[in-house]
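Enquirer: The following file, my_file_10.cif, comprises mmCIF, C-alpha atoms and all ligand atoms:
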data_data
#
loop_
_atom_site.label_atom_id
_atom_site.label_comp_id
_atom_site.auth_asym_id
_atom_site.auth_seq_id
_atom_site.Cartn_x
_atom_site.Cartn_y
_atom_site.Cartn_z
CA MET T 234 -17.52 -14.65 23.45
CA ALA T 235 -18.92 -12.08 21.02
CA GLY T 236 -16.95 -11.24 17.91
CA ILE T 237 -16.32 -7.61 16.99
CA PHE T 238 -16.45 -6.29 13.42
CA LEU T 239 -14.38 -3.12 12.95
CA VAL T 240 -14.28 -1.35 9.58
CA VAL T 241 -12.06 1.48 8.37
CA GLU T 242 -13.56 3.58 5.57
CA GLY T 243 -12.80 6.75 3.66
CA PRO T 244 -11.63 8.14 0.33
CA GLU T 245 -8.46 7.32 -1.61
CA GLY T 246 -5.20 7.74 0.27
CA ALA T 247 -6.93 8.63 3.55
CA GLY T 248 -4.78 6.19 5.53
CA LYS T 249 -7.21 3.27 5.88
CA THR T 250 -4.61 0.54 5.41
CA THR T 251 -2.24 2.33 7.77
CA LEU T 252 -4.94 2.65 10.43
CA ALA T 253 -6.29 -0.90 10.01
CA ARG T 254 -2.78 -2.28 10.50
CA GLY T 255 -2.23 -0.02 13.50
CA LEU T 256 -5.42 -1.23 15.17
CA ALA T 257 -4.50 -4.85 14.47
CA ARG T 258 -1.06 -4.24 15.99
CA ARG T 259 -2.63 -2.77 19.14
CA LEU T 260 -4.97 -5.75 19.43
CA ARG T 261 -2.04 -8.16 19.07
CA SER T 262 -0.17 -6.28 21.78
CA LEU T 263 -3.06 -7.28 24.08
CA GLY T 264 -2.76 -10.93 23.08
CA ILE T 265 -5.70 -10.81 20.65
CA ASP T 266 -5.17 -12.31 17.19
CA PRO T 267 -7.41 -10.25 14.89
CA VAL T 268 -8.57 -11.32 11.45
CA GLU T 269 -7.36 -8.65 9.00
CA VAL T 270 -9.11 -8.30 5.64
CA ARG T 271 -9.35 -5.77 2.85
CA GLU T 272 -12.06 -5.07 0.33
CA PRO T 273 -12.32 -5.98 -2.42
CA GLY T 274 -10.21 -9.04 -1.70
CA GLY T 275 -9.33 -11.51 1.03
CA THR T 276 -10.21 -14.85 -0.62
CA PRO T 277 -8.96 -16.36 -3.90
CA VAL T 278 -12.25 -15.49 -5.61
CA ALA T 279 -12.37 -12.00 -4.12
CA GLU T 280 -8.74 -11.30 -5.05
CA ALA T 281 -9.49 -12.43 -8.62
CA ALA T 282 -12.48 -10.06 -8.73
CA ARG T 283 -10.24 -7.28 -7.33
CA GLN T 284 -7.71 -7.82 -10.12
CA VAL T 285 -10.44 -7.43 -12.72
CA VAL T 286 -12.22 -4.46 -11.17
CA LEU T 287 -9.04 -2.43 -10.60
CA ASP T 288 -7.28 -3.27 -13.88
CA PRO T 289 -6.90 0.01 -15.83
CA GLU T 290 -6.62 -1.98 -19.08
CA LEU T 291 -10.14 -3.40 -18.69
CA GLU T 292 -13.08 -1.19 -19.56
CA THR T 293 -16.26 -1.89 -17.68
CA GLY T 294 -19.43 -0.07 -16.69
CA PRO T 295 -20.82 0.81 -13.26
CA VAL T 296 -23.13 -2.21 -13.08
CA SER T 297 -20.48 -4.82 -13.83
CA GLU T 298 -18.15 -2.94 -11.45
CA LEU T 299 -20.83 -3.22 -8.74
CA PHE T 300 -21.34 -6.94 -9.22
CA LEU T 301 -17.61 -7.71 -9.25
CA ILE T 302 -17.30 -5.90 -5.92
CA LEU T 303 -20.38 -7.60 -4.49
CA ALA T 304 -19.16 -11.02 -5.65
CA ALA T 305 -15.90 -10.36 -3.81
CA ARG T 306 -17.80 -9.24 -0.71
CA ALA T 307 -20.15 -12.22 -0.71
CA ASP T 308 -17.22 -14.64 -0.81
CA LEU T 309 -15.26 -12.75 1.87
CA VAL T 310 -18.22 -12.55 4.24
CA ALA T 311 -19.25 -16.18 3.78
CA ARG T 312 -15.77 -17.69 4.00
CA ILE T 313 -13.86 -15.41 6.35
CA ILE T 314 -15.73 -12.63 8.15
CA GLN T 315 -18.91 -14.37 9.35
CA PRO T 316 -17.12 -17.56 10.49
CA ALA T 317 -14.54 -15.45 12.34
CA LEU T 318 -17.25 -13.45 14.12
CA ASP T 319 -19.15 -16.65 14.91
CA ALA T 320 -15.94 -17.95 16.49
CA GLY T 321 -15.73 -14.81 18.66
CA ARG T 322 -12.80 -13.24 16.77
CA VAL T 323 -12.13 -9.53 16.21
CA VAL T 324 -12.26 -8.68 12.48
CA VAL T 325 -10.56 -5.52 11.15
CA SER T 326 -11.60 -4.71 7.59
CA ASP T 327 -10.00 -2.14 5.28
CA ARG T 328 -13.25 -0.95 3.59
CA TYR T 329 -16.67 -2.66 3.57
CA ASP T 330 -20.08 -1.73 2.26
CA LEU T 331 -20.01 2.03 2.94
CA SER T 332 -17.48 2.06 0.10
CA THR T 333 -20.19 0.69 -2.21
CA GLU T 334 -22.51 3.50 -1.16
CA ALA T 335 -19.70 6.01 -1.70
CA TYR T 336 -18.34 4.77 -5.04
CA GLN T 337 -21.18 2.96 -6.78
CA ILE T 338 -24.14 5.02 -5.51
CA ALA T 339 -22.77 8.52 -4.79
CA GLY T 340 -19.85 8.23 -7.22
CA ARG T 341 -21.28 6.30 -10.17
CA GLY T 342 -24.92 7.28 -9.66
CA LEU T 343 -26.46 3.79 -9.42
CA ASP T 344 -29.92 3.45 -7.88
CA ARG T 345 -29.57 3.50 -4.10
CA ASP T 346 -32.38 1.11 -3.14
CA LYS T 347 -31.43 -1.50 -5.71
CA VAL T 348 -27.76 -1.40 -4.77
CA LEU T 349 -28.57 -1.69 -1.08
CA GLN T 350 -30.77 -4.72 -1.80
CA ALA T 351 -28.03 -6.38 -3.82
CA ASN T 352 -25.51 -5.57 -1.10
CA ALA T 353 -27.76 -7.14 1.52
CA ILE T 354 -27.74 -10.35 -0.51
CA ALA T 355 -23.93 -10.23 -0.64
CA THR T 356 -23.49 -9.59 3.09
CA GLY T 357 -26.38 -11.70 4.38
CA GLY T 358 -27.28 -8.58 6.33
CA LEU T 359 -24.00 -8.49 8.26
CA GLU T 360 -23.29 -4.98 9.55
CA PRO T 361 -20.12 -3.70 11.22
CA ASP T 362 -20.06 -2.87 14.93
CA LEU T 363 -17.95 0.22 14.27
CA MET T 364 -17.20 2.18 11.10
CA LEU T 365 -14.21 4.49 11.47
CA VAL T 366 -14.52 7.02 8.64
CA LEU T 367 -11.33 8.89 7.73
CA ASP T 368 -12.13 12.36 6.39
CA LEU T 369 -9.60 13.88 4.02
CA PRO T 370 -9.85 16.33 1.09
CA VAL T 371 -9.39 14.69 -2.32
CA HIS T 372 -6.21 16.62 -3.15
CA VAL T 373 -4.49 15.56 0.08
CA GLY T 374 -5.26 11.86 -0.53
CA ARG T 375 -4.10 12.20 -4.14
CA ALA T 376 -0.83 13.79 -3.01
CA ARG T 377 -0.22 10.94 -0.55
CA GLN T 378 -0.89 8.35 -3.24
CA GLY T 379 1.37 10.25 -5.63
CA ARG T 380 4.23 10.08 -3.14
CA GLN T 381 3.82 6.28 -3.02
CA GLY T 382 4.69 6.22 -6.73
CA LYS T 383 2.22 3.41 -7.60
CA GLU T 384 0.49 3.25 -10.97
CA PRO T 385 -3.10 4.49 -10.46
CA ASP T 386 -5.70 1.72 -10.77
CA ARG T 387 -8.93 1.94 -12.77
CA LEU T 388 -10.94 3.56 -9.97
CA GLU T 389 -8.18 5.98 -9.04
CA ARG T 390 -8.23 7.15 -12.67
CA ALA T 391 -11.92 8.05 -12.47
CA GLU T 392 -12.82 11.70 -13.03
CA GLU T 393 -12.10 14.20 -10.25
CA ALA T 394 -15.83 14.94 -9.83
CA MET T 395 -16.50 11.33 -8.91
CA HIS T 396 -13.83 11.41 -6.22
CA GLU T 397 -15.35 14.64 -4.89
CA ARG T 398 -18.75 12.90 -4.63
CA VAL T 399 -17.14 9.94 -2.87
CA THR T 400 -15.38 12.22 -0.41
CA ASP T 401 -18.54 14.28 0.20
CA PHE T 402 -20.52 11.11 0.84
CA PHE T 403 -18.07 9.91 3.47
CA ALA T 404 -17.92 13.36 5.09
CA GLY T 405 -21.72 13.53 5.35
CA LEU T 406 -22.24 10.08 6.86
CA THR T 407 -24.17 9.81 10.10
CA GLY T 408 -25.73 6.94 11.96
CA ALA T 409 -25.19 4.33 14.63
CA GLY T 410 -21.69 2.95 14.59
CA VAL T 411 -20.24 5.72 12.41
CA VAL T 412 -17.32 7.69 13.85
CA HIS T 413 -15.52 10.42 11.89
CA LEU T 414 -11.80 10.95 12.26
CA ASP T 415 -9.89 13.92 10.87
CA ALA T 416 -7.34 12.12 8.68
CA THR T 417 -5.27 15.23 7.97
CA ARG T 418 -3.56 14.68 11.33
CA GLU T 419 -0.39 12.68 11.98
CA ARG T 420 -0.72 8.89 11.65
CA GLU T 421 -0.12 8.31 15.38
CA ILE T 422 -2.77 10.85 16.37
CA VAL T 423 -5.35 9.34 14.02
CA GLU T 424 -4.57 5.87 15.37
CA GLU T 425 -4.79 7.04 18.98
CA ALA T 426 -8.19 8.66 18.33
CA ALA T 427 -9.46 5.52 16.59
CA TRP T 428 -8.21 3.27 19.38
CA ALA T 429 -9.93 5.47 21.96
CA GLU T 430 -13.21 4.93 20.09
CA VAL T 431 -12.67 1.18 19.99
CA ILE T 432 -11.91 1.00 23.70
CA ALA T 433 -14.81 3.30 24.61
CA ARG T 434 -17.24 0.94 22.87
CA PHE T 435 -15.69 -2.50 23.25
CA GLY T 436 -13.20 -2.18 26.09
CA GLU T 437 -15.01 -4.77 28.19
CA THR T 438 -15.20 -7.32 25.38
CA ILE T 439 -11.61 -6.63 24.36
CA GLY T 440 -10.54 -7.06 27.97
CA ALA T 441 -12.27 -10.44 28.01
CA HIS T 442 -10.53 -11.44 24.74
CA ALA T 443 -7.10 -10.28 25.91
CA GLY T 444 -4.68 -13.04 26.77
N1 LIG L 1 -14.11 0.18 -4.07
C1 LIG L 1 -13.97 -0.61 -2.97
C2 LIG L 1 -15.36 0.47 -4.61
O1 LIG L 1 -15.48 1.17 -5.62
N2 LIG L 1 -16.47 -0.04 -3.99
C3 LIG L 1 -16.39 -0.85 -2.88
O2 LIG L 1 -17.43 -1.30 -2.37
C4 LIG L 1 -15.08 -1.14 -2.36
C5 LIG L 1 -14.93 -2.01 -1.16
C6 LIG L 1 -9.84 -0.29 -3.63
C7 LIG L 1 -10.65 0.45 -4.65
O3 LIG L 1 -11.90 -0.19 -4.77
C8 LIG L 1 -12.92 0.77 -4.69
C9 LIG L 1 -12.34 1.92 -3.90
C10 LIG L 1 -10.89 1.90 -4.26
O4 LIG L 1 -10.69 2.73 -5.38
P1 LIG L 1 -7.40 0.06 -2.80
O5 LIG L 1 -6.10 -0.14 -3.45
O6 LIG L 1 -7.75 -0.77 -1.64
O7 LIG L 1 -8.52 -0.04 -3.91
O8 LIG L 1 -7.50 1.63 -2.59
P2 LIG L 1 -7.68 2.47 -1.33
O9 LIG L 1 -8.60 1.80 -0.39
O10 LIG L 1 -8.06 3.84 -1.73
O11 LIG L 1 -6.23 2.41 -0.69
P3 LIG L 1 -5.08 3.43 -0.68
O12 LIG L 1 -3.88 2.60 -0.39
O13 LIG L 1 -5.00 4.27 -1.87
O14 LIG L 1 -5.43 4.36 0.50
P4 LIG L 1 -5.49 4.14 2.05
O15 LIG L 1 -5.48 2.69 2.43
O16 LIG L 1 -6.58 4.97 2.55
O17 LIG L 1 -4.14 4.79 2.55
P5 LIG L 1 -2.77 4.13 3.05
O18 LIG L 1 -2.88 3.75 4.46
O19 LIG L 1 -2.32 3.14 2.05
O20 LIG L 1 -1.87 5.44 3.00
C11 LIG L 1 -1.56 6.08 1.79
C12 LIG L 1 -0.22 6.83 2.00
O21 LIG L 1 -0.41 7.85 2.94
C13 LIG L 1 0.44 7.63 4.08
C14 LIG L 1 0.85 6.16 4.04
O22 LIG L 1 2.09 5.95 4.66
C15 LIG L 1 0.89 5.92 2.55
O23 LIG L 1 2.12 6.35 2.02
N3 LIG L 1 -0.34 8.00 5.26
C16 LIG L 1 -0.27 9.19 5.85
N4 LIG L 1 0.47 10.29 5.55
C17 LIG L 1 0.31 11.37 6.36
N5 LIG L 1 -0.54 11.40 7.42
C18 LIG L 1 -1.27 10.32 7.75
N6 LIG L 1 -2.11 10.37 8.79
C19 LIG L 1 -1.16 9.15 6.94
N7 LIG L 1 -1.74 7.93 6.96
C20 LIG L 1 -1.23 7.24 5.92
#
Let's see the structure in the file written out as structure tokens.
Expert:
Amino acid sequence: MAGIFLVVEGPEGAGKTTLARGLARRLRSLGIDPVEVREPGGTPVAEAARQVVLDPELETGPVSELFLILAARADLVARIIQPALDAGRVVVSDRYDLSTEAYQIAGRGLDRDKVLQANAIATGGLEPDLMLVLDLPVHVGRARQGRQGKEPDRLERAEEAMHERVTDFFAGLTGAGVVHLDATREREIVEEAAWAEVIARFGETIGAHAG
């Protein structure tokens, strides 16, 4: 049976983790045991890279930031995502490589072609089947994060203009497998809209997976 690779993307505080968990819950309710991952992270090496890249005490530049994130991705794809897809599992990922385009290319200004080449090495060319992009203005995401009361990490502390570029990049995305969702709506409505997209595209496969 074919695996399915679902990715939730979007700017800070858009509700990606909330949505990814909601989709996984819906899959489980059908008897499907999805593989849930987040980026950067998901393996011991990737979690170690995440600690470094998000630590506000550590100063680093855009290139080292890129390679920490790509190292995390390479390990996650090789050890978790690709084997799960090969085994016919459904993978739900909280961020993937559109985040690199958003943050490291649009946000930090790194060279697009070179970053995409490096990313292709990290992923082995693995592309998602569906990218659910949550669109939300920067100030709304910031307000949601503020209400959570967490200390902002190194990337969250980046200048406002960078977060505007990240948000604009996500909002302008087009292409096969990209679906935009208005993330200003209630959680349940966003989740329902996302689930409808999943079922419209993969209902038959999901039906075959369902226990
Ligand atoms: N990064 C990552 C890169 O620079 N390049 C890359 O290639 C990759 C993969 C990851 C950081 O790494 C960077 C980007 C990031 O800066 P992270 O901690 O995973 O760090 O940060 P985020 O992905 O931004 O996670 P957040 O937790 O900040 O945001 P989420 O996951 O979008 O939002 P979520 O679900 O945690 O929700 C935030 C709050 O809003 C509420 C939730 O209950 C929660 O309180 N909420 C809603 N409120 C109202 N309406 C809704 N519809 C809501 N949905 C959720």
Enquirer: Within 7 Å of ligand LIG 1 (chain L) (counting only C-alpha atoms and all ligand atoms), which residues show up? I'd like them as a ChimeraX atom specification.
Expert: /T:243-252,271-273,287,302,328-333,336-337,377-378,380-381,388-389,416-420,423
Enquirer: To one decimal place, how far is atom CA of T:Gly274 from atom CA of T:Thr438 in Å?
Expert: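 Going from atom CA of T:Gly274 over to atom CA of T:Thr438, I get 27.6 Å.
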Enquirer: Considering only C-alpha atoms, state which residue in the set T:Ser297, T:Ala305, T:Asp327, T:Glu290 is at the smallest distance from T:Pro361.
Expert: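 Checking each of T:Ser297, T:Ala305, T:Asp327, T:Glu290 against T:Pro361, counting only C-alpha atoms, the winner is T:Asp327.
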Enquirer: Contacts between stretch 255-266 of chain T and stretch 286-375 of chain T, please, where a residue of stretch 286-375 of chain T counts if it comes within 8 Å (with all atoms listed in the file); show its shortest atom pair and distance in Å to one decimal, rows by chain and ascending number, as JSON lines.
Expert:
{"residue": "T:Arg322", "atom": "CA", "partner": "T:Asp266", "partner_atom": "CA", "distance": 7.7}
{"residue": "T:Val323", "atom": "CA", "partner": "T:Asp266", "partner_atom": "CA", "distance": 7.6}
{"residue": "T:Val325", "atom": "CA", "partner": "T:Ala257", "partner_atom": "CA", "distance": 6.9}
Enquirer: Take the residues from that selection and put them in a file with C-alpha atoms, as a PDB file, keeping the file's coordinate frame.
Expert:
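Written file, again-v5.pdb:
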ATOM      1  CA  ARG T 322     -12.800 -13.240  16.770  1.00  0.00           C
ATOM      2  CA  VAL T 323     -12.130  -9.530  16.210  1.00  0.00           C
ATOM      3  CA  VAL T 325     -10.560  -5.520  11.150  1.00  0.00           C
TER       4      VAL T 325
END
Enquirer: In file coordinates, which residues lie within 12 Å of (-18.2, 14.9, -6.6) using all atoms listed in the file, given as a ChimeraX atom specification?
Expert: /T:244,335-336,338-342,370-371,391-404
Enquirer: Which distance in Å separates atom CA of T:Val348 and atom CA of T:Arg283, to one decimal?
Expert: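 It comes out at 18.7 Å.
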Enquirer: Expressed in Å to a single decimal, how great is the separation between atom CA of T:Arg375 and atom CA of T:Trp428?
Expert: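 A separation of 25.5 Å between them.
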Enquirer: Find the spatial neighbours of T:Gly408, counting all atoms listed in the file, within a cut-off of 12 Å - ignore same-chain residues fewer than 5 positions away - and output them as a list in words.
Expert: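 Once the adjacent positions are removed, what remains is Leu331, Asp362, Leu363, Met364, Leu365, Val366, Phe403 and His413 of chain T.
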Enquirer: At a cut-off of 8 Å, using only C-alpha atoms, what residues contact T:Val324? Leave out same-chain residues fewer than 6 positions from it and give the result as an MDAnalysis selection string.
Expert: chainID T and resid 236:239 267:270 314 317:318
Enquirer: So, with all atoms listed in the file as the atoms that count, which of T:Ala307, T:Leu291, T:Met234, T:Ala376 lies closest to T:Gly358?
Expert: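 Of all the options, T:Ala307 lies closest to T:Gly358.
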